[in-house]
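This is target.txt (compact mmCIF, C-alpha atoms).
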```txt
# COMPACT_ATOMS: atom_id res chain seq x y z
CA MET A 22 63.02 49.57 254.97
CA TYR A 23 66.35 47.77 254.81
CA ASP A 24 69.13 48.17 257.34
CA GLY A 25 72.89 47.99 256.99
CA ALA A 26 74.79 47.83 253.72
CA LEU A 27 71.71 47.18 251.55
CA GLY A 28 69.82 50.10 253.12
CA ASP A 29 72.83 52.38 252.59
CA LEU A 30 73.10 51.34 248.93
CA ILE A 31 69.39 51.99 248.32
CA GLU A 32 69.71 55.40 249.94
CA GLU A 33 72.79 56.33 247.88
CA LEU A 34 71.23 55.16 244.60
CA GLY A 35 68.10 57.13 245.47
CA GLN A 36 70.19 60.33 245.50
CA LEU A 37 70.89 59.99 241.75
CA PRO A 38 68.83 62.14 239.36
CA GLY A 39 65.73 60.39 238.02
CA ILE A 40 66.04 57.49 240.49
CA GLY A 41 63.10 57.19 242.88
CA PRO A 42 62.91 54.91 245.94
CA LYS A 43 61.44 51.98 243.96
CA SER A 44 64.06 52.22 241.21
CA ALA A 45 66.81 52.49 243.84
CA GLN A 46 65.54 49.32 245.48
CA ARG A 47 65.38 47.48 242.14
CA LEU A 48 68.93 48.55 241.21
CA ALA A 49 70.26 47.55 244.64
CA PHE A 50 68.76 44.06 244.37
CA HIS A 51 70.09 43.75 240.81
CA LEU A 52 73.60 44.55 242.09
CA LEU A 53 73.17 42.13 244.97
CA ALA A 54 72.31 39.35 242.50
CA SER A 55 75.15 40.24 240.07
CA ASP A 56 78.55 38.53 239.84
CA SER A 57 81.29 40.01 242.02
CA ALA A 58 83.32 40.75 238.87
CA ASP A 59 80.49 42.87 237.40
CA VAL A 60 80.14 44.85 240.60
CA GLU A 61 83.91 45.37 240.79
CA ARG A 62 83.93 46.73 237.23
CA LEU A 63 81.18 49.18 238.20
CA THR A 64 82.92 50.37 241.39
CA SER A 65 86.22 50.68 239.54
CA ALA A 66 84.55 52.75 236.79
CA LEU A 67 82.98 55.02 239.43
CA GLU A 68 86.32 55.48 241.20
CA ARG A 69 88.18 56.16 237.95
CA VAL A 70 85.65 58.72 236.73
CA LYS A 71 85.98 60.67 239.98
CA ALA A 72 89.78 60.36 240.10
CA GLN A 73 90.64 60.96 236.45
CA VAL A 74 87.94 63.00 234.73
CA ARG A 75 88.25 66.76 235.00
CA PHE A 76 87.36 69.82 232.99
CA CYS A 77 89.56 70.97 230.09
CA GLU A 78 91.55 74.02 231.18
CA ASN A 79 90.94 75.63 227.80
CA CYS A 80 87.30 74.95 226.92
CA GLY A 81 85.67 73.39 230.00
CA ASN A 82 84.79 70.12 228.25
CA VAL A 83 85.30 66.84 230.16
CA THR A 84 88.72 65.24 229.72
CA GLU A 85 91.25 63.01 231.44
CA ALA A 86 94.19 65.22 230.42
CA GLU A 87 94.80 68.93 231.02
CA GLN A 88 93.22 69.66 227.67
CA CYS A 89 90.46 67.74 225.90
CA GLY A 90 90.98 65.87 222.63
CA ILE A 91 89.33 68.65 220.59
CA CYS A 92 91.58 71.38 222.03
CA ARG A 93 94.67 69.18 221.42
CA ASP A 94 93.66 68.31 217.85
CA PRO A 95 95.79 70.46 215.47
CA ARG A 96 93.24 69.95 212.67
CA ARG A 97 90.63 71.88 214.64
CA THR A 98 90.67 75.65 214.20
CA GLU A 99 90.52 78.23 216.99
CA THR A 100 89.17 80.82 214.49
CA LEU A 101 85.69 79.40 215.14
CA ILE A 102 84.50 78.90 218.72
CA CYS A 103 81.14 77.30 219.40
CA VAL A 104 79.76 78.25 222.82
CA VAL A 105 77.59 75.59 224.48
CA GLU A 106 76.05 75.20 227.92
CA GLU A 107 77.11 71.67 228.91
CA PRO A 108 79.74 69.08 227.89
CA LYS A 109 76.95 66.85 226.53
CA ASP A 110 76.12 69.62 224.03
CA VAL A 111 79.64 69.24 222.58
CA LEU A 112 78.80 65.62 221.79
CA ALA A 113 75.50 66.68 220.17
CA VAL A 114 77.27 69.15 217.85
CA GLU A 115 80.09 66.67 217.13
CA ARG A 116 77.53 64.10 215.97
CA THR A 117 76.53 66.45 213.13
CA GLY A 118 80.05 66.24 211.66
CA GLU A 119 79.54 69.82 210.39
CA PHE A 120 81.75 71.77 212.77
CA ARG A 121 85.57 71.85 212.62
CA GLY A 122 86.23 74.63 215.10
CA ARG A 123 86.65 74.40 218.86
CA TYR A 124 84.22 74.70 221.74
CA HIS A 125 83.73 76.67 224.90
CA VAL A 126 81.56 75.08 227.59
CA LEU A 127 79.92 77.65 229.86
CA GLY A 128 78.80 75.19 232.54
CA GLY A 129 75.12 76.23 232.37
CA ALA A 130 72.97 79.18 231.37
CA ILE A 131 72.22 82.49 233.04
CA ASN A 132 69.13 82.09 235.20
CA PRO A 133 68.68 84.92 237.73
CA LEU A 134 65.58 83.24 239.20
CA GLU A 135 67.79 80.29 240.18
CA GLY A 136 70.57 82.60 241.37
CA ILE A 137 72.85 81.85 238.38
CA GLY A 138 74.43 85.01 237.00
CA PRO A 139 77.19 85.67 234.43
CA ASP A 140 79.89 85.36 237.12
CA ASP A 141 78.82 81.78 237.85
CA LEU A 142 79.61 80.64 234.29
CA ARG A 143 82.91 80.31 232.41
CA ILE A 144 82.46 83.66 230.66
CA ARG A 145 85.66 85.23 232.02
CA GLN A 146 87.65 82.27 230.61
CA LEU A 147 85.97 82.84 227.22
CA MET A 148 87.05 86.48 227.24
CA VAL A 149 90.64 85.39 227.96
CA ARG A 150 90.52 83.00 224.98
CA LEU A 151 89.15 85.69 222.69
CA GLN A 152 91.87 88.14 223.70
CA LYS A 153 94.51 85.76 222.29
CA GLY A 154 93.47 87.07 218.87
CA GLU A 155 93.10 83.77 216.96
CA THR A 156 89.29 83.73 216.96
CA LYS A 157 87.25 85.35 214.19
CA GLU A 158 83.74 84.04 214.85
CA LEU A 159 81.82 83.03 217.94
CA ILE A 160 78.88 80.67 217.36
CA LEU A 161 76.35 80.88 220.21
CA ALA A 162 74.83 77.40 220.56
CA THR A 163 73.13 77.77 223.92
CA ASP A 164 69.75 76.04 224.35
CA PRO A 165 66.87 77.60 222.38
CA ASN A 166 64.90 78.36 225.54
CA THR A 167 64.47 81.61 227.50
CA GLU A 168 67.60 81.12 229.65
CA GLY A 169 69.71 80.02 226.67
CA GLU A 170 68.52 82.99 224.59
CA ALA A 171 69.23 85.39 227.45
CA THR A 172 72.73 83.91 227.83
CA ALA A 173 73.32 84.36 224.08
CA THR A 174 72.03 87.95 224.32
CA TYR A 175 74.41 88.68 227.19
CA LEU A 176 77.42 87.17 225.37
CA ALA A 177 76.62 89.04 222.16
CA MET A 178 76.35 92.28 224.16
CA LEU A 179 79.81 91.58 225.60
CA VAL A 180 81.63 90.25 222.53
CA LYS A 181 80.23 92.22 219.57
CA PRO A 182 81.82 95.54 220.62
CA MET A 183 85.19 93.70 220.60
CA GLY A 184 84.84 93.33 216.80
CA PHE A 185 84.17 89.58 216.58
CA LYS A 186 81.61 88.07 214.25
CA VAL A 187 78.87 86.65 216.49
CA THR A 188 76.35 84.14 215.11
CA ARG A 189 73.48 82.22 216.68
CA LEU A 190 72.33 78.75 215.64
CA ALA A 191 69.27 78.93 213.39
CA SER A 192 65.96 77.89 214.86
CA GLY A 193 62.82 76.89 213.05
CA LEU A 194 60.76 73.91 212.00
CA PRO A 195 61.92 70.42 212.97
CA VAL A 196 62.61 68.17 209.99
CA GLY A 197 59.83 65.61 209.55
CA GLY A 198 57.12 67.56 211.37
CA ASP A 199 53.78 69.07 210.29
CA LEU A 200 53.50 72.85 209.98
CA GLU A 201 50.18 73.01 211.84
CA TYR A 202 51.76 71.65 215.03
CA ALA A 203 54.54 74.23 215.16
CA ASP A 204 54.13 76.80 217.92
CA GLU A 205 53.92 80.50 217.07
CA VAL A 206 57.45 81.38 218.21
CA THR A 207 59.12 78.56 216.27
CA LEU A 208 57.06 79.24 213.13
CA GLY A 209 57.77 82.98 213.46
CA ARG A 210 61.50 82.28 213.63
CA ALA A 211 61.29 79.93 210.66
CA PHE A 212 59.72 82.77 208.68
CA SER A 213 62.20 85.42 209.77
CA GLY A 214 65.10 83.03 209.04
CA ARG A 215 63.78 81.81 205.65
CA ARG A 216 66.33 81.38 202.88
CA ASP A 217 66.49 81.35 199.09
CA VAL A 218 65.76 78.04 197.39
CA ASP A 219 68.83 76.90 195.42
CA MET B 5 41.93 55.80 239.69
CA GLY B 6 43.42 56.53 236.27
CA VAL B 7 44.58 59.94 235.18
CA SER B 8 41.73 60.24 232.68
CA THR B 9 39.06 60.17 235.43
CA ARG B 10 40.52 63.20 237.18
CA LYS B 11 38.99 66.62 236.76
CA LEU B 12 40.03 68.82 233.84
CA PHE B 13 40.05 72.58 234.13
CA ARG B 14 40.86 75.58 231.94
CA ASP B 15 42.68 78.74 232.94
CA ASP B 16 44.63 81.45 231.19
CA ALA B 17 47.89 82.00 232.96
CA VAL B 18 51.20 83.80 232.88
CA VAL B 19 54.28 81.57 233.09
CA LEU B 20 56.54 82.86 235.85
CA ARG B 21 59.33 80.29 235.62
CA THR B 22 60.09 76.69 234.76
CA PHE B 23 62.06 74.07 236.69
CA LYS B 24 63.72 71.08 235.06
CA LEU B 25 62.23 67.75 236.11
CA GLY B 26 63.75 64.37 235.26
CA GLU B 27 64.96 63.64 231.73
CA ALA B 28 62.82 65.99 229.65
CA ASP B 29 59.88 67.18 231.80
CA ALA B 30 59.44 70.51 233.55
CA ILE B 31 57.44 72.02 236.35
CA VAL B 32 55.88 75.33 235.36
CA SER B 33 55.13 78.02 237.94
CA LEU B 34 51.94 79.77 236.82
CA LEU B 35 49.88 82.80 237.77
CA GLY B 36 46.38 82.10 236.54
CA ARG B 37 43.45 84.45 236.08
CA GLN B 38 41.04 82.12 237.83
CA ARG B 39 43.21 79.92 240.04
CA GLY B 40 45.86 82.29 241.36
CA ARG B 41 49.37 80.89 241.65
CA TYR B 42 49.99 77.19 241.21
CA ARG B 43 52.41 74.72 239.68
CA ALA B 44 51.88 72.23 236.90
CA MET B 45 53.91 69.51 235.27
CA ALA B 46 54.53 69.75 231.53
CA LYS B 47 55.60 66.34 230.28
CA GLY B 48 58.29 66.33 227.61
CA LEU B 49 58.49 70.14 227.58
CA ARG B 50 62.26 70.15 227.06
CA ARG B 51 62.23 67.84 224.05
CA THR B 52 62.65 69.53 220.66
CA SER B 53 59.56 67.57 219.57
CA SER B 54 57.45 68.82 222.50
CA LYS B 55 53.84 69.59 221.60
CA PHE B 56 54.06 72.65 223.84
CA GLY B 57 56.97 74.14 221.87
CA ALA B 58 57.90 77.57 223.17
CA ARG B 59 54.42 78.26 224.55
CA LEU B 60 55.32 77.45 228.14
CA ALA B 61 58.46 79.58 228.16
CA PRO B 62 58.74 82.04 231.06
CA PHE B 63 56.87 85.36 230.64
CA SER B 64 54.32 83.92 228.17
CA HIS B 65 50.55 84.30 228.49
CA VAL B 66 48.86 81.02 227.61
CA ASP B 67 45.42 79.46 227.55
CA LEU B 68 45.79 76.11 229.33
CA GLN B 69 43.92 72.90 229.85
CA LEU B 70 45.11 71.03 232.92
CA ILE B 71 44.38 67.86 234.83
CA GLU B 72 43.82 68.62 238.48
CA GLY B 73 46.47 66.93 240.58
CA ARG B 74 45.76 65.00 243.76
CA SER B 75 48.27 67.17 245.56
CA GLU B 76 49.20 70.73 244.60
CA LEU B 77 50.78 69.75 241.28
CA HIS B 78 48.55 69.75 238.19
CA THR B 79 49.44 68.45 234.71
CA VAL B 80 49.30 70.57 231.55
CA THR B 81 47.54 68.74 228.71
CA GLN B 82 47.08 71.55 226.18
CA ALA B 83 48.52 75.04 225.75
CA VAL B 84 47.63 77.77 223.27
CA GLY B 85 49.77 80.90 223.15
CA LEU B 86 47.97 84.20 223.73
CA HIS B 87 50.96 86.53 224.05
CA LEU B 88 54.32 84.77 223.74
CA SER B 89 56.56 87.45 225.18
CA GLY B 90 59.49 85.20 226.19
CA GLY B 91 61.36 85.43 222.88
CA ALA B 92 61.27 89.22 222.64
CA ILE B 93 62.18 89.64 226.31
CA SER B 94 65.14 87.25 226.27
CA SER B 95 66.68 89.05 223.28
CA ASP B 96 67.08 92.21 225.39
CA TRP B 97 69.29 91.85 228.47
CA ALA B 98 67.72 94.75 230.40
CA ALA B 99 64.20 93.50 229.63
CA TYR B 100 65.12 89.95 230.61
CA THR B 101 66.59 90.88 233.98
CA ALA B 102 63.61 93.17 234.70
CA ALA B 103 61.22 90.33 233.78
CA CYS B 104 63.03 88.01 236.19
CA VAL B 105 62.54 90.54 239.00
CA ILE B 106 58.85 90.85 238.08
CA ALA B 107 58.42 87.05 238.11
CA GLU B 108 60.12 86.77 241.51
CA ALA B 109 58.03 89.66 242.88
CA ALA B 110 54.81 88.10 241.55
CA GLU B 111 55.63 84.90 243.44
CA ARG B 112 56.12 87.01 246.56
CA LEU B 113 52.87 88.98 246.06
CA VAL B 114 50.61 85.99 245.41
CA PRO B 115 50.90 82.98 247.73
CA GLU B 116 50.62 79.53 246.18
CA ASP B 117 47.11 78.89 247.48
CA HIS B 118 44.94 78.76 244.32
CA GLN B 119 43.19 82.02 245.31
CA PRO B 120 42.80 84.32 242.29
CA ASP B 121 44.37 87.77 242.44
CA LEU B 122 43.10 89.52 239.34
CA ASP B 123 44.97 92.78 240.07
CA VAL B 124 48.39 91.15 240.26
CA PHE B 125 47.55 88.87 237.32
CA GLN B 126 46.68 91.86 235.09
CA LEU B 127 49.70 93.79 236.35
CA THR B 128 52.08 90.92 235.64
CA LEU B 129 50.61 90.29 232.20
CA GLY B 130 50.78 94.02 231.39
CA ALA B 131 54.37 94.30 232.61
CA PHE B 132 55.60 91.37 230.49
CA ARG B 133 53.78 92.73 227.44
CA ALA B 134 55.22 96.20 228.05
CA LEU B 135 58.73 94.69 228.19
CA ALA B 136 58.18 92.71 224.99
CA GLU B 137 56.12 95.11 222.91
CA THR B 138 57.01 98.68 223.92
CA ASP B 139 60.15 100.84 224.02
CA LEU B 140 59.59 101.83 227.66
CA PRO B 141 62.80 101.53 229.69
CA PRO B 142 62.69 98.06 231.32
CA VAL B 143 63.83 99.37 234.71
CA LEU B 144 60.92 101.82 234.80
CA VAL B 145 58.46 99.06 233.86
CA MET B 146 59.89 96.94 236.67
CA ASP B 147 59.76 99.76 239.23
CA SER B 148 56.20 100.62 238.22
CA TYR B 149 55.25 96.95 238.62
CA LEU B 150 56.78 96.74 242.08
CA LEU B 151 54.96 99.90 243.22
CA ARG B 152 51.61 98.82 241.82
CA GLY B 153 52.07 95.29 243.10
CA MET B 154 52.73 96.63 246.60
CA LYS B 155 49.66 98.85 246.28
CA SER B 156 47.55 95.85 245.36
CA ALA B 157 48.96 93.92 248.34
CA GLY B 158 48.22 96.86 250.63
CA TRP B 159 51.78 97.86 251.56
CA ALA B 160 52.73 100.43 248.92
CA PRO B 161 54.87 103.32 250.13
CA SER B 162 52.83 106.37 251.08
CA LEU B 163 53.80 109.09 248.60
CA SER B 164 51.18 111.83 248.94
CA GLU B 165 50.65 111.84 252.69
CA CYS B 166 52.71 111.20 255.79
CA ALA B 167 53.04 107.44 256.36
CA SER B 168 52.81 107.98 260.14
CA CYS B 169 50.19 110.69 260.80
CA GLY B 170 48.42 110.88 257.44
CA LYS B 171 49.10 114.60 256.93
CA ALA B 172 48.58 115.34 253.23
CA GLY B 173 51.33 116.86 251.12
CA SER B 174 54.59 116.14 249.34
CA HIS B 175 56.84 115.40 252.29
CA ARG B 176 60.62 115.43 251.80
CA ALA B 177 61.78 112.63 254.09
CA PHE B 178 61.30 108.96 253.23
CA SER B 179 61.44 106.09 255.69
CA VAL B 180 61.12 102.52 254.47
CA ALA B 181 60.39 101.25 258.00
CA ALA B 182 57.68 103.91 258.56
CA GLY B 183 56.03 103.05 255.23
CA GLY B 184 57.00 105.86 252.86
CA ALA B 185 57.18 109.67 252.89
CA VAL B 186 57.04 111.19 256.37
CA CYS B 187 56.40 114.74 257.57
CA GLY B 188 58.93 116.75 259.60
CA ASP B 189 57.13 115.97 262.88
CA CYS B 190 57.04 112.20 262.34
CA ARG B 191 60.42 111.77 260.68
CA PRO B 192 62.21 108.85 262.39
CA GLY B 193 65.98 108.46 262.71
CA GLY B 194 67.51 106.85 259.61
CA ALA B 195 64.99 108.42 257.23
CA THR B 196 66.50 109.55 253.91
CA VAL B 197 65.80 112.77 252.07
CA PRO B 198 65.54 111.93 248.38
CA ALA B 199 65.32 114.59 245.69
CA PRO B 200 61.70 115.81 245.31
CA ALA B 201 61.92 114.78 241.64
CA SER B 202 62.63 111.17 242.70
CA LEU B 203 59.42 111.08 244.77
CA GLU B 204 57.64 112.73 241.84
CA LEU B 205 58.95 109.92 239.62
CA MET B 206 57.65 107.31 242.09
CA ARG B 207 54.21 108.93 241.99
CA ALA B 208 54.30 108.90 238.17
CA LEU B 209 55.33 105.22 238.14
CA GLU B 210 52.57 104.28 240.55
CA ALA B 211 50.01 106.13 238.44
CA GLY B 212 51.36 104.76 235.13
CA ASP B 213 52.12 108.31 233.96
CA TRP B 214 54.75 107.30 231.40
CA SER B 215 55.31 110.70 229.84
CA ASN B 216 56.51 112.11 233.18
CA ALA B 217 58.25 108.90 234.21
CA THR B 218 60.35 108.63 231.04
CA ALA B 219 61.29 112.32 231.30
CA ALA B 220 63.08 111.71 234.63
CA ASP B 221 66.87 111.90 234.53
CA PRO B 222 69.08 108.86 235.31
CA ARG B 223 69.96 110.06 238.84
CA GLN B 224 66.29 110.27 239.82
CA ARG B 225 65.62 106.88 238.26
CA THR B 226 68.43 105.30 240.26
CA GLU B 227 67.33 106.94 243.50
CA ALA B 228 63.67 106.00 243.00
CA ALA B 229 64.66 102.42 242.05
CA GLY B 230 66.67 102.13 245.27
CA LEU B 231 63.76 103.33 247.42
CA ILE B 232 61.24 101.08 245.67
CA ALA B 233 63.47 98.01 245.97
CA ALA B 234 64.26 98.75 249.62
CA HIS B 235 60.57 99.22 250.41
CA PHE B 236 59.55 95.99 248.64
CA GLN B 237 62.25 93.92 250.31
CA TRP B 238 61.65 95.39 253.78
CA HIS B 239 57.92 94.74 253.69
CA SER B 240 58.13 91.33 252.03
CA GLU B 241 60.83 90.43 254.59
CA ARG B 242 63.18 88.88 252.02
CA PRO B 243 65.61 90.25 249.44
CA LEU B 244 64.78 89.98 245.75
CA LYS B 245 67.71 87.85 244.58
CA THR B 246 67.20 88.72 240.90
CA LEU B 247 67.59 92.46 241.51
CA LYS B 248 71.40 92.43 241.44
CA TYR B 249 71.43 91.44 237.75
CA VAL B 250 69.42 94.46 236.56
CA PRO B 251 71.57 97.00 234.73
CA HIS B 252 70.25 100.21 236.33
CA GLN B 253 71.80 102.64 233.87
CA THR B 254 69.37 101.56 231.11
```

Could I get this file's structure written as structure tokens?
Amino acid sequence: MYDGALGDLIEELGQLPGIGPKSAQRLAFHLLASDSADVERLTSALERVKAQVRFCENCGNVTEAEQCGICRDPRRTETLICVVEEPKDVLAVERTGEFRGRYHVLGGAINPLEGIGPDDLRIRQLMVRLQKGETKELILATDPNTEGEATATYLAMLVKPMGFKVTRLASGLPVGGDLEYADEVTLGRAFSGRRDVD
Amino acid sequence: MGVSTRKLFRDDAVVLRTFKLGEADAIVSLLGRQRGRYRAMAKGLRRTSSKFGARLAPFSHVDLQLIEGRSELHTVTQAVGLHLSGGAISSDWAAYTAACVIAEAAERLVPEDHQPDLDVFQLTLGAFRALAETDLPPVLVMDSYLLRGMKSAGWAPSLSECASCGKAGSHRAFSVAAGGAVCGDCRPGGATVPAPASLELMRALEAGDWSNATAADPRQRTEAAGLIAAHFQWHSERPLKTLKYVPHQT
């Protein structure tokens, strides 16, 4: 056990996700051995991220302005809204280069067992966006797990009666894998979502 | 001692829920046929390339091979799907919310002590399969599960005799604190008087008499659901936090 400033730093680092007591100790000693300039850059970055980064008032993505770059971009269309769980999912979809619409970040998925219900997510804000009348299609890109599917089911139940086209990302076999290793659910979905060969 | 020298065991289990762990791992809460309720780590479960795929999704019935942990936490090494109900359940909001209540209730009925409880295991498996594979109203499946689960645990509401004196008959008053239906002589203050048809529905749900249960009208279903939930929560001494998400009109 270390006392004073070093002990405090180890304890604080140990609060971070995925950092155990040993890793916290290693990081603390690394910082202790680093140049003052390096440590100042780190503390300044931490302070700036807390002071400047917030959530986009339109879509819930992370931004340093009132609206994120995607919501401000006039080349992006509001007719297509892709609903994702977390800001990091926006980055994952953006990397594909396939999507030119805008996003809506829910801030998680419905999980009653963890006490997270529809009111705990940014669903009300989504409804407000849809009522503006610009959107034609809602793409549900929540995670392909039980909570993500249930969230997509709930949103579809809410939005479909309003007359919007609601689509769900396809799921099936991963590219580069062997068929025999696919689980029954994934293989079943690949079959039900099969398409014509061009 | 390396991991490979630890004891391997097999069990078929129902997945009650999963918790995220670290970057891509998960802890799976399981109700096993042979080992009762326990937790196990599934390494890499959340990766798209996970060897477990969707097999360890909540509400699935799986055949597992596990490495016995030094503490209470085991490690899943292999999983084969027996009934993968998670996909069908999560595509129906009413079924999903009912399944969440069933999972929470199962955790309440079976303590995490590795003691098998075959009754609750079969009940839980049957309830998830009923939600995924039948057209039975999810709320009725859930209420039937709660009643039968309480019966298995020994604190089901008394429906055919007075909960206080044991006098046989279809008594009108119902007291959660007294333990179910009560006769006129034993009726405590605060007892409710539900419609006879609601008590009849509760008896049908406890017996698995689906033709009578599905014939009940929505008012009776709502009243019976309220009594069942109140009884479960009173006797398990904690509220079921998932109950508020269940759409009761379905």

Exercise. Quick one: which residues from chain A are at most 6 Å off chain B, using all atoms listed in the file, as a VMD selection string?
Worked result: chain A and resid 39 133 to 134 167 170 to 171 174 204

Can I get the residues of stretch 201-223 of chain B within 12 Å of stretch 121-135 of chain B, each with the closest pair of atoms and their distance in Å to one decimal, using all atoms listed in the file, sorted chain first then ascending number, as a Markdown table?
```
| residue | atom | partner | partner_atom | distance |
| --- | --- | --- | --- | --- |
| B:Glu210 | CA | B:Leu127 | CA | 11.7 |
| B:Gly212 | CA | B:Leu127 | CA | 11.2 |
| B:Trp214 | CA | B:Ala134 | CA | 11.6 |
```

Problem set entry | Distance in Å - atom CA of A:Thr207 versus atom CA of B:Gly48 |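 Separation between atom CA of A:Thr207 and atom CA of B:Gly48: 16.7 Å.
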
For this session: Have a look at atom CA of B:Ser179 and atom CA of B:Ile232 and let me know their distance in Å, one decimal.
Result: 11.2 Å

Exercise. For B:Ser215, which residue among B:Lys47, B:Phe178, B:Met154, B:Pro141 is the nearest when counting all atoms listed in the file?
Worked result: B:Pro141

Exercise. Which value, in Å to one decimal, gives the distance between atom CA of A:Glu106 and atom CA of A:Arg143?
Worked result: 9.7 Å

For this session: Neighbourhood query: residues within 12 Å of (75.4, 86.5, 214.2), file coordinates, counting only C-alpha atoms; return as a ChimeraX atom specification.
Result: /A:157-162,173-174,176-178,180-181,184-191

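By chain and then residue number, the residues within 12 Å of A:Asn79 are Arg75, Val83, Thr84, Ala86, Glu87, Gln88, Cys89, Gly90, Ile91, Cys92, Arg93, Glu99, Ile102, Arg123, Tyr124, His125, Val126, Leu127, Arg143, Arg145, Gln146, Leu147, Met148, Val149, Arg150 and Leu151 of chain A, counting only C-alpha atoms and disregarding those fewer than 4 positions away in sequence.
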
Mind checking which residues fall within 10 Å of B:Trp238, counting all atoms listed in the file, ignoring those fewer than 6 positions away in the same chain, and posting them as a PDB file with C-alpha atoms, keeping the file's coordinate frame?
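Printed below is part_20.pdb as written:
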```pdb
ATOM      1  CA  VAL B 180      61.120 102.520 254.470  1.00  0.00           C
ATOM      2  CA  ALA B 181      60.390 101.250 258.000  1.00  0.00           C
ATOM      3  CA  GLY B 183      56.030 103.050 255.230  1.00  0.00           C
ATOM      4  CA  ILE B 232      61.240 101.080 245.670  1.00  0.00           C
TER       5      ILE B 232
END
```

For this session: Considering all atoms listed in the file, state which residue in the set A:Asn166, A:Ala211, A:Tyr175, A:Gly41 is at the smallest distance from B:Leu49.
Result: A:Asn166

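Ranking A:Gln73, A:Leu179, A:Pro139, A:Phe120 by their shortest atom-to-atom distance to A:Arg97, with all atoms listed in the file included, puts A:Phe120 first.
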
Size and centre in Å, one decimal, axis-aligned box, all listed stretch 196-215 of chain A atoms plus 8 Å per side, as lines of an AutoDock Vina configuration file:
```
center_x = 57.6
center_y = 75.5
center_z = 211.9
size_x = 30.9
size_y = 35.8
size_z = 28.6
```

Exercise. With only C-alpha atoms as the basis for distance, which of A:Asn132, A:Asn82, A:Gln36, A:Thr64 is at the shortest distance from A:Thr172?
Worked result: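 Smallest distance to A:Thr172 is found for A:Asn132.
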